[in-house]
Structures are given as structure tokens and as C-alpha cells.
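Student: Got a structure here, written out as C-alpha cells. Questions coming.
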2 protein chains.
Amino acid sequence: MMGITERKEREKKEMRRQIIDAALTMFNEEGYEKTSIRNIAEKIEYSPATIYLYYKDKDELLYEVQKEAFDKLATAFRKKANSKDPLDRLYQICKTYVNFGNKHQDLYDLMFIIKSPMNVVTEKEPWTNGDACFNYLVNCVQECMDNKLFQYTSTNVLALSIWSMCHGFVSLNLRCRFKVLELSEFEVNKAIETSIEEFLRVIQKDH
Amino acid sequence: MMGITERKEREKKEMRRQIIDAALTMFNEEGYEKTSIRNIAEKIEYSPATIYLYYKDKDELLYEVQKEAFDKLATAFRKKANSKDPLDRLYQICKTYVNFGNKHQDLYDLMFIIKSPMNVVTEKEPWTNGDACFNYLVNCVQECMDNKLFQYTSTNVLALSIWSMCHGFVSLNLRCRFKVLELSEFEVNKAIETSIEEFLRVIQKDH
DNA sequence: TTGATTTACTAAACACTGTTCATTAAGTTT
DNA sequence: AAACTTAATGAACAGTGTTTAGTAAATCAA
């Protein structure tokens, strides 16, 4: 019967889904640190060893969860950074990015900070999880450049700079390094917002 | 005898030194991941439990190692970012920072990426390990601002932006997220350098 | 100097982690 | 009904940070 192999394949996919759904839930509810293979297994009511029948190792599992997380960010971009005006949209992208990081701290960890899921990539051709999000930024910057809004000479260099700066804001904040500033949480967020505004203002051609 | 308590205190300090020296060495030679309490203990030829007589927990130990790492960076600043011209010096600071991150990846982890050593701070007044380095940057930016070189309105906002951008470059690179760019390691480093140059050029008053 | 006390240290255990493997039980095919 | 394949697991391995009870040495008080 050919229907059996199809059903089995379907069940295998469902199980993989169940595993990463459990992982995603635990990421949001309990945080990255408490999301162990054993805990995931307990949540889906299987033995820890079973997970290794569906994922080679933890890295491969986290790689899939990372993909889901990037989908979430891409969705946020399309929903909250959709102004027709490219300059406005660029500002919306930065704000959405920073807000996403603050709101989904453990997902942000997985997407941009934690080493683990990238181990999968080294051997296994290019890393595609972040493509859609990065392209969303690059396209917006490109449109700004086409309109000759900025003093920058290269779209890619500017996109890289914006992303890096925003990531700096989020990650240094998440990891408490802004404690060196001796500001309240509110003041830090205000300073970040001002920094983005200032940057996008200063790099424009008309002062 | 009062000499005994003094000697004991000295021995205690020496032991603490021995522990963090071993930790520092292992950080450089074996990396962060392989630097466990057990491995440190083995290196200094004591039982793992002994370390807990000198440090409350791993966080407290890493906090001290972090302090050493920041001293290293501060030294690098004084040595390699000492131009009289504040704009030149600012560029030197950025370059020194990025080079330090690339060269001492595991120390950089501890200073700016890893969560652990900051757990000590939450209860225990302000975080001072990063003060000297951050002030070095702020002072330089302030001198630029005093000379009215930049379009920025706030010294602190600009300092924050520069630091965040540089941290973004280093940390995204260390964590392999620039794989989304599909560039070689050499090209990535070149793009980072160009980004710094462009930024420091664009924010100046005379275009 | 002897006996009491404090100090320095450690072996062993606890509760975790990711991962592997032999074994069992169920499903499928012949 | 017997043979084979697949799915799942219990138990183990090697590692982690940390705690505690117990030992041996150093110091102090008599």
C-alpha cells in the first residue's frame, strides 16, 4: 500500500512540527535557558531519545525554531513598516526591529546572539533563515538611495550599518551592558529612539 | 600573632589571583565553552569545591575575569588610539575596538555578549568594569563635539550610537550572522571598515 | 606541651545537561 | 503465521555548576 508511506511521512512532519511548536512555546514562556531537550520531550510526552529520531541534534532543532522566529519578524515588518515613503518606512523598520527584540527577548537571542543554531550552517551551504528580513531592509535602503536621500555611497554598506547599530542597541540592552550609562530602563529606551532618529536625520543630504 | 592573619589574607588574595589567571589562560587557549569550574580546578591542582571557598559562584568568578578583559581593552585604547586630533582618535578607537573583538573573541564574549557575569550586578550596586573604556570613548566624542565637528546634538547619544554600531559589527560577525551577506571573511572585514569610515565622514558638518 | 578550636581542603553526592545504544513493542509485509 | 521493519524508550555516558559532610592541618588558649 502506498498510502501507508504517505501517512508515515505525514506523521513524521507532524511530529517535527509538534517538537518545534513545543520548543517555541517554551522559549516564550520559560526562556531559552530552560528549554532543554529533556523539557521539550516532557512537554510533548515522549522520551528525550525520541527527539533524536526527528532532529540530528539540538542545533538542528534550534535552527528550525530560528526559522520560525525570522518569519515572525518578517511578518512584523510587513505589518508595521509599510509606509509608502521609503524614509518613513526605514524609520519604521528600525523601530519594529528594536521593539521586536525587546518584546521577544529569547527569540532575539536565538536569531542574532546565540552561537548554537549557526553550527548547522558551516557545512550545510548558505544560511537562509535571515534572508527575507535582511532583504526587506536592503530594499528599503535601496529605494532611499534611488531617491538620492542619503550621503552614503553604497546601499549595502548603509544597510549593514543600520542593522549593526540597531542590533547593538538591542543586544547591549538585553545583556545589561548599558548599565555603564547609569540610566533607567525608560531613559535607555528613549536614548535608543533618539539615536535612531538622529542617525536617520544626520545621514540625509539636506542637513 | 598579627602577622598570621596578614599572611592568610595575602594567601587568600594570591589564590584568587591564581584562579582568575588560570581562567584567563583557559579563555584564551581553550575558549569560553571549555572553561569550566572543574577544568580550572584541575589546572591549578585543587578540587572544584575549593574554588567555591574563594568565589561565591561562577558568575562572581567571571565578573573578575571580565574586569581583567576590560583592562586589556583600555590598555589597547591608550596605546593604539592616542592621536592628538579627536576625529582621528575617534576613528582609531573604533578600529581598535573592532580589532580587539576579532582577536580576543572569547574575552569579547565575556565583556559584551554573555549574560552570566552581569547577574552579579543586579543586586550589587553599579557595574564599573566597563567604565574606563566607555569614558575613553565619551571623552573623545566630547572633544569632537566641543570642536563642533558633528551634526549630532548630544554627546551621549552619539557615543551610544558609535559603540552600538561597532558592537553590532563585531558581535554579528562573531556569531556568523553576516552569512546572510554571502561575502568572504575578508570582504566582511572590509565592509565593516568602510562602514566606520562612511559613518564618521557622513556625520561631520562639512560634508 | 597538650588539648580545644578554627581553618583549608576535598570526596562524594545532587540535580541538571546533550547524546548514544541496546532492547522492546508495535506496525507492516510476505 | 512468520519474518521483517519501524518507532519508541530505559539506561547509561560524559559532562556541567554547586552543596555538604567529613578530614587533616594550622592556630590558639591552657
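Following the order of the C-alpha cells, first chain is A, next is B, and so on, with residues numbered from 1 inside each chain and ligands from 1 in the order they appear.
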Give me the residues near stretch 26-30 of chain C as a ChimeraX atom specification, where near means some atom within 10 Å (using only C-alpha atoms (C1' of nucleotides)) and where sequence neighbours in that chain fewer than 3 positions away do not count.
Tutor: /A:1,4 /D:2-8
Student: Which residues come within 10 Å of B:Asp131, counting only C-alpha atoms (C1' of nucleotides), excluding same-chain residues fewer than 5 positions away, as an mmCIF file with N, CA and C atoms, in the first residue's frame?
Tutor:
data_model
loop_
_atom_site.group_PDB
_atom_site.id
_atom_site.type_symbol
_atom_site.label_atom_id
_atom_site.label_comp_id
_atom_site.auth_asym_id
_atom_site.auth_seq_id
_atom_site.Cartn_x
_atom_site.Cartn_y
_atom_site.Cartn_z
ATOM 1 N N LYS A 179 24.221 49.308 31.496
ATOM 2 C CA LYS A 179 24.333 49.682 32.906
ATOM 3 C C LYS A 179 25.460 50.677 33.115
ATOM 4 N N VAL A 180 26.404 50.678 32.178
ATOM 5 C CA VAL A 180 27.514 51.619 32.253
ATOM 6 C C VAL A 180 27.006 53.058 32.138
ATOM 7 N N LEU A 181 25.811 53.231 31.551
ATOM 8 C CA LEU A 181 25.249 54.568 31.365
ATOM 9 C C LEU A 181 24.587 55.107 32.626
ATOM 10 N N PHE B 70 38.478 44.010 30.416
ATOM 11 C CA PHE B 70 38.271 45.436 30.160
ATOM 12 C C PHE B 70 39.556 46.234 30.356
ATOM 13 N N ALA B 74 41.160 48.725 27.631
ATOM 14 C CA ALA B 74 41.528 50.100 27.990
ATOM 15 C C ALA B 74 42.994 50.362 27.643
ATOM 16 N N TYR B 136 36.564 56.550 27.864
ATOM 17 C CA TYR B 136 37.564 56.860 26.846
ATOM 18 C C TYR B 136 36.886 57.296 25.558
#
Student: Considering only C-alpha atoms (C1' of nucleotides), extract the chain D residues located within 9 Å of chain B and return them as a PyMOL selection string.
Tutor: chain D and resi 16-19
Student: I need the chosen residues saved as a compact mmCIF listing (two decimals), in the first residue's frame, with N, CA and C atoms (P, O5', C5', C4', C3', O3' and C1' of nucleotides).
Tutor:
# COMPACT_ATOMS: atom_id res chain seq x y z
P DT D 16 33.13 19.71 32.29
O5' DT D 16 31.80 20.43 32.78
C5' DT D 16 31.08 21.27 31.86
C4' DT D 16 29.79 21.72 32.52
C3' DT D 16 29.96 22.32 33.90
O3' DT D 16 30.35 23.67 33.78
C1' DT D 16 28.08 20.83 33.85
P DG D 17 31.04 24.38 35.06
O5' DG D 17 29.81 24.63 36.05
C5' DG D 17 28.79 25.53 35.66
C4' DG D 17 27.76 25.64 36.79
C3' DG D 17 28.31 26.24 38.08
O3' DG D 17 27.32 27.07 38.68
C1' DG D 17 27.53 24.04 38.49
P DT D 18 27.72 27.86 40.03
O5' DT D 18 27.37 26.81 41.18
C5' DT D 18 26.03 26.32 41.26
C4' DT D 18 25.91 25.34 42.40
C3' DT D 18 26.51 25.81 43.73
O3' DT D 18 25.47 25.97 44.66
C1' DT D 18 27.00 23.52 43.26
P DT D 19 25.76 26.46 46.16
O5' DT D 19 25.66 25.09 46.96
C5' DT D 19 24.56 24.24 46.74
C4' DT D 19 24.60 23.06 47.69
C3' DT D 19 24.99 23.40 49.14
O3' DT D 19 24.09 22.71 49.99
C1' DT D 19 26.45 21.73 48.25
Student: If we count only C-alpha atoms (C1' of nucleotides) and set the cut-off at 12 Å, which residues sit around D:DT23, ignoring sequence neighbours fewer than 4 positions away in its own chain? Please answer as a PyMOL selection string.
Tutor: chain C and resi 8-11
Student: So which one's closest to C:DT23, D:DT9, D:DA30, D:DA1, D:DA24? Using only C-alpha atoms (C1' of nucleotides), please.
Tutor: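 Using only C-alpha atoms (C1' of nucleotides), the shortest distance to C:DT23 belongs to D:DT9.
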Student: Any chance you could dump chain A, least-squares fitted to chain B on all C-alpha atoms in order, as a tab-separated table (two decimals) with C-alpha atoms, in the first residue's frame?
Tutor:
chain	number	residue	atom	x	y	z
A	1	MET	CA	50.55	36.91	66.19
A	2	MET	CA	49.20	39.53	63.81
A	3	GLY	CA	51.58	38.46	61.03
A	4	ILE	CA	49.59	35.27	60.54
A	5	THR	CA	46.28	36.95	59.68
A	6	GLU	CA	48.17	39.17	57.26
A	7	ARG	CA	49.84	36.21	55.64
A	8	LYS	CA	46.51	34.39	55.42
A	9	GLU	CA	44.91	37.37	53.78
A	10	ARG	CA	47.81	37.58	51.35
A	11	GLU	CA	47.49	33.88	50.56
A	12	LYS	CA	43.77	34.30	49.98
A	13	LYS	CA	44.42	37.08	47.48
A	14	GLU	CA	47.12	35.01	45.79
A	15	MET	CA	44.74	32.11	45.47
A	16	ARG	CA	42.06	34.35	43.95
A	17	ARG	CA	44.64	35.63	41.50
A	18	GLN	CA	45.74	32.11	40.65
A	19	ILE	CA	42.14	31.14	39.92
A	20	ILE	CA	41.33	34.03	37.61
A	21	ASP	CA	44.73	33.75	35.92
A	22	ALA	CA	43.96	30.12	35.16
A	23	ALA	CA	40.52	31.13	33.93
A	24	LEU	CA	41.98	33.87	31.71
A	25	THR	CA	44.53	31.49	30.23
A	26	MET	CA	41.89	28.88	29.51
A	27	PHE	CA	39.67	31.54	27.96
A	28	ASN	CA	42.40	32.43	25.52
A	29	GLU	CA	43.68	28.94	24.85
A	30	GLU	CA	40.60	26.73	25.01
A	31	GLY	CA	37.73	29.19	24.68
A	32	TYR	CA	34.81	30.10	26.87
A	33	GLU	CA	32.88	26.88	26.46
A	34	LYS	CA	35.67	24.67	27.75
A	35	THR	CA	36.42	26.89	30.73
A	36	SER	CA	34.46	25.08	33.42
A	37	ILE	CA	34.91	25.26	37.17
A	38	ARG	CA	36.13	21.70	37.07
A	39	ASN	CA	38.70	22.43	34.36
A	40	ILE	CA	39.98	25.51	36.16
A	41	ALA	CA	40.29	23.47	39.34
A	42	GLU	CA	42.23	20.79	37.50
A	43	LYS	CA	44.58	23.41	36.02
A	44	ILE	CA	45.48	24.87	39.42
A	45	GLU	CA	45.57	21.37	40.94
A	46	TYR	CA	42.80	21.86	43.47
A	47	SER	CA	39.42	20.28	43.90
A	48	PRO	CA	36.43	22.03	42.26
A	49	ALA	CA	34.93	22.66	45.69
A	50	THR	CA	37.95	24.74	46.67
A	51	ILE	CA	37.09	27.40	44.10
A	52	TYR	CA	33.85	27.99	45.98
A	53	LEU	CA	35.87	29.00	49.04
A	54	TYR	CA	37.20	31.96	47.06
A	55	TYR	CA	34.30	32.78	44.77
A	56	LYS	CA	30.62	32.55	45.62
A	57	ASP	CA	29.75	31.11	42.23
A	58	LYS	CA	30.82	31.05	38.60
A	59	ASP	CA	29.22	34.41	37.90
A	60	GLU	CA	31.36	36.10	40.52
A	61	LEU	CA	34.48	34.49	39.10
A	62	LEU	CA	33.60	35.54	35.55
A	63	TYR	CA	32.91	39.04	36.82
A	64	GLU	CA	36.54	39.30	37.91
A	65	VAL	CA	37.79	37.87	34.63
A	66	GLN	CA	35.62	40.41	32.83
A	67	LYS	CA	37.32	43.18	34.78
A	68	GLU	CA	40.72	41.95	33.58
A	69	ALA	CA	39.44	41.85	30.01
A	70	PHE	CA	38.24	45.46	30.20
A	71	ASP	CA	41.65	46.48	31.52
A	72	LYS	CA	43.15	44.91	28.42
A	73	LEU	CA	40.85	46.89	26.14
A	74	ALA	CA	41.53	50.13	28.02
A	75	THR	CA	45.25	49.51	27.60
A	76	ALA	CA	44.74	48.91	23.89
A	77	PHE	CA	42.86	52.23	23.64
A	78	ARG	CA	45.63	54.16	25.36
A	79	LYS	CA	48.24	52.53	23.19
A	80	LYS	CA	46.60	52.50	19.79
A	81	ALA	CA	44.06	55.31	19.95
A	82	ASN	CA	46.14	58.27	21.10
A	83	SER	CA	46.11	60.76	18.23
A	84	LYS	CA	46.01	64.39	19.28
A	85	ASP	CA	43.33	65.08	16.69
A	86	PRO	CA	40.01	63.99	18.25
A	87	LEU	CA	38.50	62.92	14.94
A	88	ASP	CA	41.50	60.76	14.12
A	89	ARG	CA	41.40	59.39	17.63
A	90	LEU	CA	37.73	58.52	17.31
A	91	TYR	CA	38.50	56.54	14.20
A	92	GLN	CA	41.36	54.82	16.02
A	93	ILE	CA	39.04	53.93	18.89
A	94	CYS	CA	36.54	52.27	16.53
A	95	LYS	CA	39.25	50.34	14.76
A	96	THR	CA	40.92	49.26	18.00
A	97	TYR	CA	37.56	48.11	19.35
A	98	VAL	CA	36.76	46.02	16.28
A	99	ASN	CA	40.26	44.56	16.14
A	100	PHE	CA	40.14	43.67	19.82
A	101	GLY	CA	36.86	41.83	19.28
A	102	ASN	CA	38.23	39.88	16.37
A	103	LYS	CA	41.47	39.00	18.11
A	104	HIS	CA	40.13	38.17	21.58
A	105	GLN	CA	36.82	36.62	20.68
A	106	ASP	CA	36.22	34.79	23.93
A	107	LEU	CA	37.13	37.80	26.04
A	108	TYR	CA	34.79	39.89	23.90
A	109	ASP	CA	32.07	37.34	24.61
A	110	LEU	CA	32.56	37.81	28.31
A	111	MET	CA	32.71	41.60	28.11
A	112	PHE	CA	29.73	42.28	25.85
A	113	ILE	CA	27.78	39.20	24.82
A	114	ILE	CA	27.47	36.61	27.56
A	115	LYS	CA	24.72	37.14	30.11
A	116	SER	CA	26.36	35.42	33.04
A	117	PRO	CA	28.76	37.90	34.67
A	118	MET	CA	26.08	40.61	34.75
A	119	ASN	CA	23.94	38.56	37.14
A	120	VAL	CA	26.28	39.70	39.88
A	121	VAL	CA	25.45	43.34	39.19
A	122	THR	CA	21.65	43.30	39.53
A	123	GLU	CA	21.73	43.30	43.32
A	124	LYS	CA	25.26	44.60	43.81
A	125	GLU	CA	25.19	48.32	43.00
A	126	PRO	CA	26.51	49.73	39.67
A	127	TRP	CA	28.55	47.93	37.05
A	128	THR	CA	31.97	49.53	36.91
A	129	ASN	CA	34.00	47.09	34.81
A	130	GLY	CA	33.27	48.93	31.58
A	131	ASP	CA	33.61	52.48	32.90
A	132	ALA	CA	37.16	53.30	31.83
A	133	CYS	CA	36.62	52.06	28.27
A	134	PHE	CA	33.29	53.81	27.84
A	135	ASN	CA	34.64	57.06	29.27
A	136	TYR	CA	37.55	56.88	26.86
A	137	LEU	CA	35.03	56.93	24.03
A	138	VAL	CA	32.79	59.57	25.57
A	139	ASN	CA	35.71	61.93	26.25
A	140	CYS	CA	36.85	61.64	22.66
A	141	VAL	CA	33.36	62.28	21.31
A	142	GLN	CA	33.02	65.21	23.69
A	143	GLU	CA	36.20	66.76	22.32
A	144	CYS	CA	34.84	66.37	18.80
A	145	MET	CA	31.60	67.98	19.88
A	146	ASP	CA	33.45	70.84	21.56
A	147	ASN	CA	35.15	71.48	18.23
A	148	LYS	CA	31.70	71.43	16.59
A	149	LEU	CA	32.73	68.72	14.14
A	150	PHE	CA	29.50	66.75	14.10
A	151	GLN	CA	25.86	67.31	13.26
A	152	TYR	CA	24.78	65.40	16.35
A	153	THR	CA	23.06	67.34	19.13
A	154	SER	CA	24.10	65.12	22.05
A	155	THR	CA	27.47	63.68	23.01
A	156	ASN	CA	25.95	60.74	24.86
A	157	VAL	CA	23.62	59.86	22.02
A	158	LEU	CA	26.49	59.87	19.55
A	159	ALA	CA	28.75	57.84	21.84
A	160	LEU	CA	25.96	55.34	22.34
A	161	SER	CA	25.44	55.11	18.58
A	162	ILE	CA	29.11	54.59	17.78
A	163	TRP	CA	29.54	51.95	20.45
A	164	SER	CA	26.35	50.14	19.42
A	165	MET	CA	27.32	50.14	15.77
A	166	CYS	CA	30.81	48.83	16.47
A	167	HIS	CA	29.42	46.20	18.81
A	168	GLY	CA	26.95	45.25	16.12
A	169	PHE	CA	29.75	44.74	13.63
A	170	VAL	CA	31.82	42.61	15.98
A	171	SER	CA	29.08	40.54	17.56
A	172	LEU	CA	27.12	39.80	14.39
A	173	ASN	CA	30.39	38.78	12.80
A	174	LEU	CA	31.51	36.59	15.72
A	175	ARG	CA	28.13	34.91	15.75
A	176	CYS	CA	28.21	34.27	11.99
A	177	ARG	CA	25.10	36.32	11.24
A	178	PHE	CA	26.86	38.12	8.39
A	179	LYS	CA	26.55	34.85	6.50
A	180	VAL	CA	23.38	36.43	5.17
A	181	LEU	CA	25.67	38.72	3.13
A	182	GLU	CA	27.34	35.80	1.36
A	183	LEU	CA	30.75	37.50	1.51
A	184	SER	CA	34.18	36.13	2.34
A	185	GLU	CA	35.68	36.82	5.75
A	186	PHE	CA	38.03	39.30	4.14
A	187	GLU	CA	35.20	41.12	2.38
A	188	VAL	CA	33.17	41.32	5.58
A	189	ASN	CA	36.05	42.95	7.43
A	190	LYS	CA	36.52	45.35	4.56
A	191	ALA	CA	32.81	46.21	4.62
A	192	ILE	CA	33.01	46.87	8.37
A	193	GLU	CA	35.98	49.17	7.90
A	194	THR	CA	34.23	51.05	5.10
A	195	SER	CA	31.11	51.36	7.24
A	196	ILE	CA	33.06	53.02	10.04
A	197	GLU	CA	34.78	55.40	7.63
A	198	GLU	CA	31.51	56.30	5.93
A	199	PHE	CA	29.76	56.90	9.22
A	200	LEU	CA	32.45	59.18	10.61
A	201	ARG	CA	32.54	61.03	7.31
A	202	VAL	CA	28.81	61.45	6.86
A	203	ILE	CA	28.04	62.74	10.34
A	204	GLN	CA	30.50	65.61	9.98
A	205	LYS	CA	29.26	69.14	9.44
A	206	ASP	CA	31.19	69.93	6.26
A	207	HIS	CA	29.77	67.32	3.88
Student: With a cut-off of 9 Å and counting only C-alpha atoms (C1' of nucleotides), select all residues of chain C in contact with chain A and give the selection as a PyMOL selection string.
Tutor: chain C and resi 17-20
Student: Only N, CA and C atoms (P, O5', C5', C4', C3', O3' and C1' of nucleotides), please: the residues just picked out, written as a JSON list (two decimals), in the first residue's frame.
Tutor:
[["chain", "number", "residue", "atom", "x", "y", "z"],
["C", 17, "DT", "P", 17.64, 19.71, 32.36],
["C", 17, "DT", "O5'", 18.93, 19.72, 31.43],
["C", 17, "DT", "C5'", 19.67, 20.93, 31.25],
["C", 17, "DT", "C4'", 20.96, 20.62, 30.52],
["C", 17, "DT", "C3'", 20.81, 19.77, 29.28],
["C", 17, "DT", "O3'", 20.43, 20.58, 28.20],
["C", 17, "DT", "C1'", 22.65, 19.00, 30.59],
["C", 18, "DG", "P", 19.71, 19.90, 26.93],
["C", 18, "DG", "O5'", 20.89, 19.16, 26.16],
["C", 18, "DG", "C5'", 21.95, 19.93, 25.60],
["C", 18, "DG", "C4'", 22.96, 19.01, 24.94],
["C", 18, "DG", "C3'", 22.41, 18.21, 23.75],
["C", 18, "DG", "O3'", 23.39, 18.13, 22.73],
["C", 18, "DG", "C1'", 23.14, 16.72, 25.44],
["C", 19, "DT", "P", 23.03, 17.41, 21.34],
["C", 19, "DT", "O5'", 23.35, 15.89, 21.64],
["C", 19, "DT", "C5'", 24.68, 15.52, 22.01],
["C", 19, "DT", "C4'", 24.75, 14.04, 22.26],
["C", 19, "DT", "C3'", 24.13, 13.15, 21.18],
["C", 19, "DT", "O3'", 25.15, 12.42, 20.53],
["C", 19, "DT", "C1'", 23.62, 12.37, 23.37],
["C", 20, "DT", "P", 24.82, 11.44, 19.31],
["C", 20, "DT", "O5'", 24.89, 10.03, 20.03],
["C", 20, "DT", "C5'", 26.02, 9.72, 20.81],
["C", 20, "DT", "C4'", 25.90, 8.31, 21.38],
["C", 20, "DT", "C3'", 25.46, 7.24, 20.38],
["C", 20, "DT", "O3'", 26.28, 6.10, 20.56],
["C", 20, "DT", "C1'", 24.01, 7.24, 22.26]]
Student: Near D:DA29, within 10 Å and counting only C-alpha atoms (C1' of nucleotides), which residues show up once chain neighbours fewer than 2 positions away are dropped, as a list of chain:residue names?
Tutor: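 Final neighbour list, sorted by chain and number: C:DG3, C:DA4, C:DT5, D:DT27.
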Student: Those selected residues, please, written with N, CA and C atoms (P, O5', C5', C4', C3', O3' and C1' of nucleotides) and delivered as a PDB file, in the first residue's frame.
Tutor:
ATOM      1  P    DG C   3      46.544  15.889  76.022  1.00  0.00           P
ATOM      2  O5'  DG C   3      45.331  16.880  75.773  1.00  0.00           O
ATOM      3  C5'  DG C   3      44.802  17.640  76.879  1.00  0.00           C
ATOM      4  C4'  DG C   3      43.907  18.746  76.351  1.00  0.00           C
ATOM      5  C3'  DG C   3      42.771  18.265  75.456  1.00  0.00           C
ATOM      6  O3'  DG C   3      41.577  18.926  75.852  1.00  0.00           O
ATOM      7  C1'  DG C   3      44.040  19.910  74.327  1.00  0.00           C
ATOM      8  P    DA C   4      40.222  18.700  75.148  1.00  0.00           P
ATOM      9  O5'  DA C   4      40.034  20.100  74.395  1.00  0.00           O
ATOM     10  C5'  DA C   4      39.952  21.300  75.181  1.00  0.00           C
ATOM     11  C4'  DA C   4      39.719  22.504  74.268  1.00  0.00           C
ATOM     12  C3'  DA C   4      38.521  22.391  73.326  1.00  0.00           C
ATOM     13  O3'  DA C   4      37.822  23.631  73.335  1.00  0.00           O
ATOM     14  C1'  DA C   4      40.494  22.734  72.057  1.00  0.00           C
ATOM     15  P    DT C   5      36.497  23.848  72.513  1.00  0.00           P
ATOM     16  O5'  DT C   5      37.052  24.631  71.235  1.00  0.00           O
ATOM     17  C5'  DT C   5      37.919  25.769  71.426  1.00  0.00           C
ATOM     18  C4'  DT C   5      38.398  26.280  70.081  1.00  0.00           C
ATOM     19  C3'  DT C   5      37.329  26.317  68.987  1.00  0.00           C
ATOM     20  O3'  DT C   5      37.380  27.587  68.356  1.00  0.00           O
ATOM     21  C1'  DT C   5      39.266  25.255  68.185  1.00  0.00           C
TER      22       DT C   5
ATOM     23  P    DT D  27      49.592  28.598  60.774  1.00  0.00           P
ATOM     24  O5'  DT D  27      48.731  28.923  62.071  1.00  0.00           O
ATOM     25  C5'  DT D  27      47.394  29.420  61.917  1.00  0.00           C
ATOM     26  C4'  DT D  27      46.690  29.381  63.258  1.00  0.00           C
ATOM     27  C3'  DT D  27      47.383  30.154  64.386  1.00  0.00           C
ATOM     28  O3'  DT D  27      46.584  31.284  64.712  1.00  0.00           O
ATOM     29  C1'  DT D  27      46.489  28.064  65.130  1.00  0.00           C
TER      30       DT D  27
END
Student: Among the residues of stretch 7-81 of chain A, find those DSSP assigns to helix (DSSP H, G or I) from the backbone and print them as a ChimeraX atom specification.
Tutor: /A:7-29,37-43,48-51,58-80
Student: What separation in Å, quoted to one decimal, exists between atom C1' of D:DA11 and atom C1' of C:DT24?
Tutor: 13.2 Å
Student: Between atom C1' of C:DA25 and atom C1' of D:DC13, what is the distance, to one decimal in Å?
Tutor: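 Separation of atom C1' of C:DA25 and atom C1' of D:DC13: 25.3 Å.
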